[in-house]
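Just entry.cif here, mmCIF, C-alpha atoms:
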```
data_data
loop_
_atom_site.group_PDB
_atom_site.id
_atom_site.type_symbol
_atom_site.label_atom_id
_atom_site.label_comp_id
_atom_site.auth_asym_id
_atom_site.auth_seq_id
_atom_site.Cartn_x
_atom_site.Cartn_y
_atom_site.Cartn_z
ATOM 1 C CA MET A 929 6.725 49.872 97.571
ATOM 2 C CA LEU A 930 6.401 46.555 95.818
ATOM 3 C CA ASP A 931 9.158 45.042 97.925
ATOM 4 C CA ARG A 932 7.303 46.046 101.068
ATOM 5 C CA ILE A 933 4.182 44.396 99.805
ATOM 6 C CA LEU A 934 6.043 41.200 98.754
ATOM 7 C CA VAL A 935 7.601 40.674 102.143
ATOM 8 C CA PRO A 936 4.410 40.449 103.967
ATOM 9 C CA VAL A 937 2.988 38.193 101.329
ATOM 10 C CA SER A 938 5.850 35.798 101.692
ATOM 11 C CA VAL A 939 5.425 35.882 105.407
ATOM 12 C CA VAL A 940 1.802 35.145 104.998
ATOM 13 C CA ALA A 941 2.616 32.355 102.629
ATOM 14 C CA ALA A 942 5.091 30.884 105.058
ATOM 15 C CA ALA A 943 2.608 31.126 107.810
ATOM 16 C CA PHE A 944 -0.049 29.532 105.684
ATOM 17 C CA GLY A 945 2.318 26.728 104.803
ATOM 18 C CA ALA A 946 3.036 26.184 108.408
ATOM 19 C CA VAL A 947 -0.654 25.996 109.125
ATOM 20 C CA LEU A 948 -1.089 23.427 106.384
ATOM 21 C CA MET A 949 1.711 21.342 107.845
ATOM 22 C CA VAL A 950 0.165 21.503 111.275
ATOM 23 C CA VAL A 951 -3.167 20.545 109.857
ATOM 24 C CA ALA A 952 -1.584 17.747 107.859
ATOM 25 C CA ALA A 953 0.289 16.493 110.890
ATOM 26 C CA ALA A 954 -2.821 16.637 113.028
ATOM 27 C CA ALA A 955 -5.024 14.950 110.468
ATOM 28 C CA PRO A 956 -3.825 11.363 111.160
ATOM 29 C CA VAL A 957 -4.377 11.877 114.874
ATOM 30 C CA THR A 958 -7.841 13.125 114.190
ATOM 31 C CA THR A 959 -8.490 10.253 111.837
ATOM 32 C CA ALA A 960 -7.102 7.756 114.259
ATOM 33 C CA ALA A 961 -9.146 9.269 116.974
ATOM 34 C CA ALA A 962 -12.190 9.175 114.793
ATOM 35 C CA THR A 963 -11.440 5.635 113.828
ATOM 36 C CA ALA A 964 -10.896 4.653 117.446
ATOM 37 C CA SER A 965 -14.078 6.297 118.483
ATOM 38 C CA THR A 966 -16.122 4.509 115.856
ATOM 39 C CA THR A 967 -14.656 1.041 116.314
ATOM 40 C CA THR A 968 -17.234 -1.203 117.977
ATOM 41 C CA THR A 969 -16.218 -4.597 119.258
ATOM 42 C CA THR A 970 -19.144 -6.922 119.444
ATOM 43 C CA ALA A 971 -18.437 -9.752 121.822
ATOM 44 C CA PRO A 972 -20.148 -13.008 121.000
ATOM 45 C CA ALA A 973 -23.314 -13.537 122.929
ATOM 46 C CA PRO A 974 -22.724 -15.853 125.847
ATOM 47 C CA THR A 975 -23.965 -19.343 125.219
ATOM 48 C CA THR A 976 -25.846 -20.811 128.113
ATOM 49 C CA THR A 977 -25.683 -24.577 128.219
ATOM 50 C CA THR A 978 -28.129 -26.168 130.592
ATOM 51 C CA THR A 979 -27.245 -29.655 131.623
ATOM 52 C CA THR A 980 -29.952 -31.518 133.357
ATOM 53 C CA ALA A 981 -28.231 -33.842 135.775
ATOM 54 C CA THR A 982 -30.140 -37.013 136.489
ATOM 55 C CA THR A 983 -29.379 -38.271 139.961
ATOM 56 C CA THR A 984 -30.312 -41.863 140.529
ATOM 57 C CA THR A 985 -30.333 -42.934 144.151
ATOM 58 C CA THR A 986 -29.991 -46.659 144.561
ATOM 59 C CA PRO A 987 -31.116 -47.749 148.030
ATOM 60 C CA PRO A 988 -28.700 -50.096 149.761
ATOM 61 C CA ALA A 989 -29.577 -53.722 149.540
ATOM 62 C CA PRO A 990 -31.353 -54.826 152.694
ATOM 63 C CA THR A 991 -29.093 -56.635 155.082
ATOM 64 C CA THR A 992 -30.608 -59.732 156.518
ATOM 65 C CA THR A 993 -29.055 -60.879 159.733
ATOM 66 C CA THR A 994 -29.975 -64.373 160.680
ATOM 67 C CA THR A 995 -29.320 -65.258 164.265
ATOM 68 C CA THR A 996 -29.495 -68.918 164.968
ATOM 69 C CA VAL A 997 -30.419 -69.563 168.533
ATOM 70 C CA ALA A 998 -29.666 -73.045 169.672
ATOM 71 C CA PRO A 999 -32.706 -74.650 171.194
ATOM 72 C CA PRO A 1000 -32.437 -75.139 174.913
ATOM 73 C CA PRO A 1001 -31.348 -78.598 175.950
ATOM 74 C CA PRO A 1002 -34.210 -80.886 176.807
ATOM 75 C CA GLU A 1003 -35.166 -81.169 180.414
ATOM 76 C CA PRO A 1004 -33.567 -84.191 182.064
ATOM 77 C CA THR A 1005 -35.869 -87.105 182.669
ATOM 78 C CA ALA A 1006 -36.759 -88.233 186.173
ATOM 79 C CA ILE A 1007 -34.268 -91.110 186.024
ATOM 80 C CA GLU A 1008 -31.534 -88.792 184.710
ATOM 81 C CA ARG A 1009 -32.052 -86.542 187.719
ATOM 82 C CA VAL A 1010 -31.904 -89.525 190.075
ATOM 83 C CA LEU A 1011 -28.655 -90.759 188.555
ATOM 84 C CA ALA A 1012 -27.152 -87.276 188.418
ATOM 85 C CA TYR A 1013 -27.687 -86.906 192.148
ATOM 86 C CA ALA A 1014 -26.178 -90.312 192.855
ATOM 87 C CA ARG A 1015 -23.102 -89.528 190.741
ATOM 88 C CA ASP A 1016 -22.609 -86.274 192.605
ATOM 89 C CA GLN A 1017 -22.135 -88.307 195.801
ATOM 90 C CA ILE A 1018 -19.200 -90.337 194.470
ATOM 91 C CA GLY A 1019 -16.375 -90.161 196.990
ATOM 92 C CA ARG A 1020 -18.558 -89.466 200.028
ATOM 93 C CA PRO A 1021 -17.922 -91.834 202.919
ATOM 94 C CA TYR A 1022 -19.985 -94.842 203.912
ATOM 95 C CA ARG A 1023 -21.689 -94.651 207.275
ATOM 96 C CA LYS A 1024 -24.284 -97.153 208.437
ATOM 97 C CA GLY A 1025 -27.700 -95.569 208.867
ATOM 98 C CA ALA A 1026 -26.738 -92.405 206.952
ATOM 99 C CA ALA A 1027 -28.795 -90.989 204.095
ATOM 100 C CA GLY A 1028 -26.752 -87.875 203.264
ATOM 101 C CA PRO A 1029 -25.865 -85.283 202.700
ATOM 102 C CA ASP A 1030 -22.331 -85.964 203.931
ATOM 103 C CA ALA A 1031 -22.339 -89.769 204.178
ATOM 104 C CA PHE A 1032 -24.479 -92.702 203.037
ATOM 105 C CA ASP A 1033 -25.149 -96.362 203.481
ATOM 106 C CA CYS A 1034 -26.487 -98.426 200.566
ATOM 107 C CA SER A 1035 -30.221 -97.903 201.077
ATOM 108 C CA GLY A 1036 -29.639 -94.316 202.264
ATOM 109 C CA LEU A 1037 -28.012 -93.444 198.910
ATOM 110 C CA VAL A 1038 -30.925 -94.959 196.971
ATOM 111 C CA ARG A 1039 -33.458 -93.149 199.133
ATOM 112 C CA ALA A 1040 -31.744 -89.754 198.808
ATOM 113 C CA ALA A 1041 -31.415 -90.130 195.020
ATOM 114 C CA TYR A 1042 -35.127 -90.884 194.525
ATOM 115 C CA LEU A 1043 -36.205 -88.071 196.822
ATOM 116 C CA THR A 1044 -34.940 -85.662 194.146
ATOM 117 C CA ILE A 1045 -37.976 -86.614 192.029
ATOM 118 C CA GLY A 1046 -40.403 -86.859 194.913
ATOM 119 C CA VAL A 1047 -40.310 -90.640 195.418
ATOM 120 C CA ASP A 1048 -40.076 -91.484 199.111
ATOM 121 C CA LEU A 1049 -38.502 -94.899 199.632
ATOM 122 C CA PRO A 1050 -37.932 -96.466 203.040
ATOM 123 C CA HIS A 1051 -34.418 -96.396 204.421
ATOM 124 C CA TYR A 1052 -34.016 -100.169 204.477
ATOM 125 C CA SER A 1053 -32.994 -102.377 201.562
ATOM 126 C CA VAL A 1054 -35.281 -105.314 202.444
ATOM 127 C CA THR A 1055 -38.309 -102.999 202.405
ATOM 128 C CA GLN A 1056 -37.149 -101.238 199.246
ATOM 129 C CA ALA A 1057 -37.061 -104.668 197.552
ATOM 130 C CA SER A 1058 -40.870 -104.711 197.568
ATOM 131 C CA ARG A 1059 -41.337 -101.281 195.965
ATOM 132 C CA GLY A 1060 -41.845 -100.597 192.281
ATOM 133 C CA ARG A 1061 -42.291 -103.495 189.877
ATOM 134 C CA ALA A 1062 -40.304 -106.687 189.544
ATOM 135 C CA VAL A 1063 -37.825 -107.019 186.682
ATOM 136 C CA ASP A 1064 -36.718 -110.415 185.454
ATOM 137 C CA TRP A 1065 -33.078 -109.485 184.817
ATOM 138 C CA ARG A 1066 -32.497 -112.892 183.242
ATOM 139 C CA ALA A 1067 -35.021 -112.186 180.478
ATOM 140 C CA GLU A 1068 -34.725 -108.428 180.030
ATOM 141 C CA PRO A 1069 -31.839 -106.041 180.545
ATOM 142 C CA ILE A 1070 -31.452 -104.041 183.708
ATOM 143 C CA GLN A 1071 -32.136 -100.377 182.982
ATOM 144 C CA PRO A 1072 -30.688 -97.179 184.463
ATOM 145 C CA GLY A 1073 -32.414 -96.367 187.741
ATOM 146 C CA ASP A 1074 -33.328 -99.969 188.607
ATOM 147 C CA LEU A 1075 -32.652 -101.090 192.156
ATOM 148 C CA VAL A 1076 -30.400 -104.147 192.240
ATOM 149 C CA PHE A 1077 -30.425 -106.318 195.400
ATOM 150 C CA MET A 1078 -28.119 -108.989 196.705
ATOM 151 C CA ARG A 1079 -27.145 -110.537 199.999
ATOM 152 C CA GLY A 1080 -25.380 -108.220 202.403
ATOM 153 C CA ASP A 1081 -25.458 -106.277 205.669
ATOM 154 C CA THR A 1082 -24.078 -107.391 209.016
ATOM 155 C CA PRO A 1083 -25.014 -110.030 209.742
ATOM 156 C CA VAL A 1084 -25.475 -110.996 206.090
ATOM 157 C CA ILE A 1085 -29.086 -111.405 205.070
ATOM 158 C CA ASP A 1086 -30.982 -111.833 201.823
ATOM 159 C CA LEU A 1087 -31.649 -108.553 200.082
ATOM 160 C CA GLY A 1088 -29.388 -106.914 202.643
ATOM 161 C CA HIS A 1089 -27.536 -104.791 200.056
ATOM 162 C CA VAL A 1090 -28.836 -102.542 197.271
ATOM 163 C CA GLY A 1091 -27.264 -100.511 194.519
ATOM 164 C CA LEU A 1092 -28.566 -98.163 191.847
ATOM 165 C CA ALA A 1093 -28.114 -99.325 188.249
ATOM 166 C CA LEU A 1094 -26.389 -96.906 185.862
ATOM 167 C CA SER A 1095 -26.718 -99.308 182.944
ATOM 168 C CA ALA A 1096 -27.320 -103.002 182.320
ATOM 169 C CA THR A 1097 -23.855 -103.804 183.683
ATOM 170 C CA GLU A 1098 -22.822 -100.945 185.992
ATOM 171 C CA TRP A 1099 -24.151 -99.579 189.257
ATOM 172 C CA ILE A 1100 -23.365 -96.983 191.919
ATOM 173 C CA VAL A 1101 -23.246 -98.121 195.559
ATOM 174 C CA ALA A 1102 -22.270 -97.294 199.101
ATOM 175 C CA SER A 1103 -20.934 -100.681 200.096
ATOM 176 C CA ARG A 1104 -19.203 -100.829 203.448
ATOM 177 C CA PRO A 1105 -17.131 -98.900 205.981
ATOM 178 C CA GLY A 1106 -13.852 -97.690 204.534
ATOM 179 C CA GLN A 1107 -15.170 -97.694 200.980
ATOM 180 C CA PRO A 1108 -16.821 -94.460 199.792
ATOM 181 C CA VAL A 1109 -19.635 -94.181 197.296
ATOM 182 C CA HIS A 1110 -18.354 -95.552 194.008
ATOM 183 C CA THR A 1111 -19.323 -97.101 190.691
ATOM 184 C CA GLY A 1112 -18.527 -100.628 189.577
ATOM 185 C CA ALA A 1113 -19.670 -103.662 187.651
ATOM 186 C CA ILE A 1114 -22.933 -105.265 188.790
ATOM 187 C CA PRO A 1115 -22.137 -108.725 190.211
ATOM 188 C CA ILE A 1116 -24.826 -110.407 188.105
ATOM 189 C CA ALA A 1117 -24.180 -113.846 189.586
ATOM 190 C CA ALA A 1118 -24.986 -112.525 193.073
ATOM 191 C CA VAL A 1119 -28.153 -110.581 192.152
ATOM 192 C CA GLN A 1120 -31.266 -111.690 194.058
ATOM 193 C CA ARG A 1121 -33.830 -109.151 192.890
ATOM 194 C CA VAL A 1122 -34.308 -106.149 190.585
ATOM 195 C CA ARG A 1123 -37.052 -103.589 191.061
ATOM 196 C CA ARG A 1124 -38.009 -100.738 188.714
ATOM 197 C CA ILE A 1125 -39.287 -97.703 190.587
ATOM 198 C CA VAL A 1126 -39.965 -95.475 187.559
ATOM 199 C CA ASP A 1127 -40.686 -96.772 184.084
ATOM 200 C CA PRO A 1128 -38.916 -94.875 181.292
#
```

Kindly present the structure from the file in structure tokens form.
Amino acid sequence: MLDRILVPVSVVAAAFGAVLMVVAAAAPVTTAAATASTTTTTAPAPTTTTTTATTTTTPPAPTTTTTTVAPPPPEPTAIERVLAYARDQIGRPYRKGAAGPDAFDCSGLVRAAYLTIGVDLPHYSVTQASRGRAVDWRAEPIQPGDLVFMRGDTPVIDLGHVGLALSATEWIVASRPGQPVHTGAIPIAAVQRVRRIVDP
């Protein structure tokens, strides 16, 4: 009877021991789980850094553009216009009685040149020799634009030839058939009269 009672007790004891082992084995898991469940990780609070950017806008330096405009050339004087016209005729043929535009004689060239400034001279050297004012070429220099007279024409007569002074020593003339309008030295020794039509 006692043996029957002891067997069950031992079985119970074995079973109880097994339960204790299971509980013991499960205890770490429970503890770990409890530990895991109570572990709180506190992340550091984010730090907000505010940087105030200062933007400085520097305006571009003003660009100064200087445009230099050359002044217009001065208007040519009356005498310059007269001489310019006469020079433009260089090379045109001589023809007695002609006053341009394709051919000239001596007084015709002078007349056409002065017409460019509105001065109407006769087409005859002897008559032209009384126009304007007298110039004593022996005492004062001949000036550009002066009319210079000498003997000439056919037949040769006093004041029969005229040329237009370019300077004190040079003139432009339409001399004779076969020789076109040209420039040359004033034959001072042969000069009979000088007349100034326009004063500078």

field: Minimum-distance residue to Gly1036 of chain A, chosen among A:Thr995, A:Gln1056, A:Thr1082, A:Gln1120 (using all atoms listed in the file)
entry: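 Of the candidates, the smallest distance to Gly1036 of chain A is held by A:Gln1056.
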
- request: List the residues matched by the PyMOL selection byres ((chain A and resi 1110) around 12) in the displayed structure as a PyMOL selection string, ordered by chain and then by residue number.
  value: chain A and resi 1014-1022+1032-1034+1037+1091-1094+1098-1104+1106-1109+1111-1114

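The spacing separating atom CA of Asp1127 of chain A from atom CA of Asp1030 of chain A amounts to 29.1 Å.
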
query: For Arg1039 of chain A, which residue among A:Arg1059, A:Arg1121, A:His1089, A:His1051 is the nearest when counting only C-alpha atoms?
result: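 Selected residue with least distance to Arg1039 of chain A: A:His1051.
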
message: Using Å and a single decimal, report how far atom CA of Ile1045 of chain A sits from atom CA of Ala1027 of chain A.
response: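 About the pair atom CA of Ala1027 of chain A and atom CA of Ile1045 of chain A: they are 15.8 Å apart.
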
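Atom CA of Arg1023 of chain A is found 6.4 Å from atom CA of Pro1105 of chain A.
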
query: If you apply the PyMOL selection byres ((chain A and resi 1070) around 12) to this file, what residues do you get, as number ranges by chain?
result: A: 1062-1069, 1071-1077, 1092-1099, 1114, 1116, 1119, 1121-1124, 1127
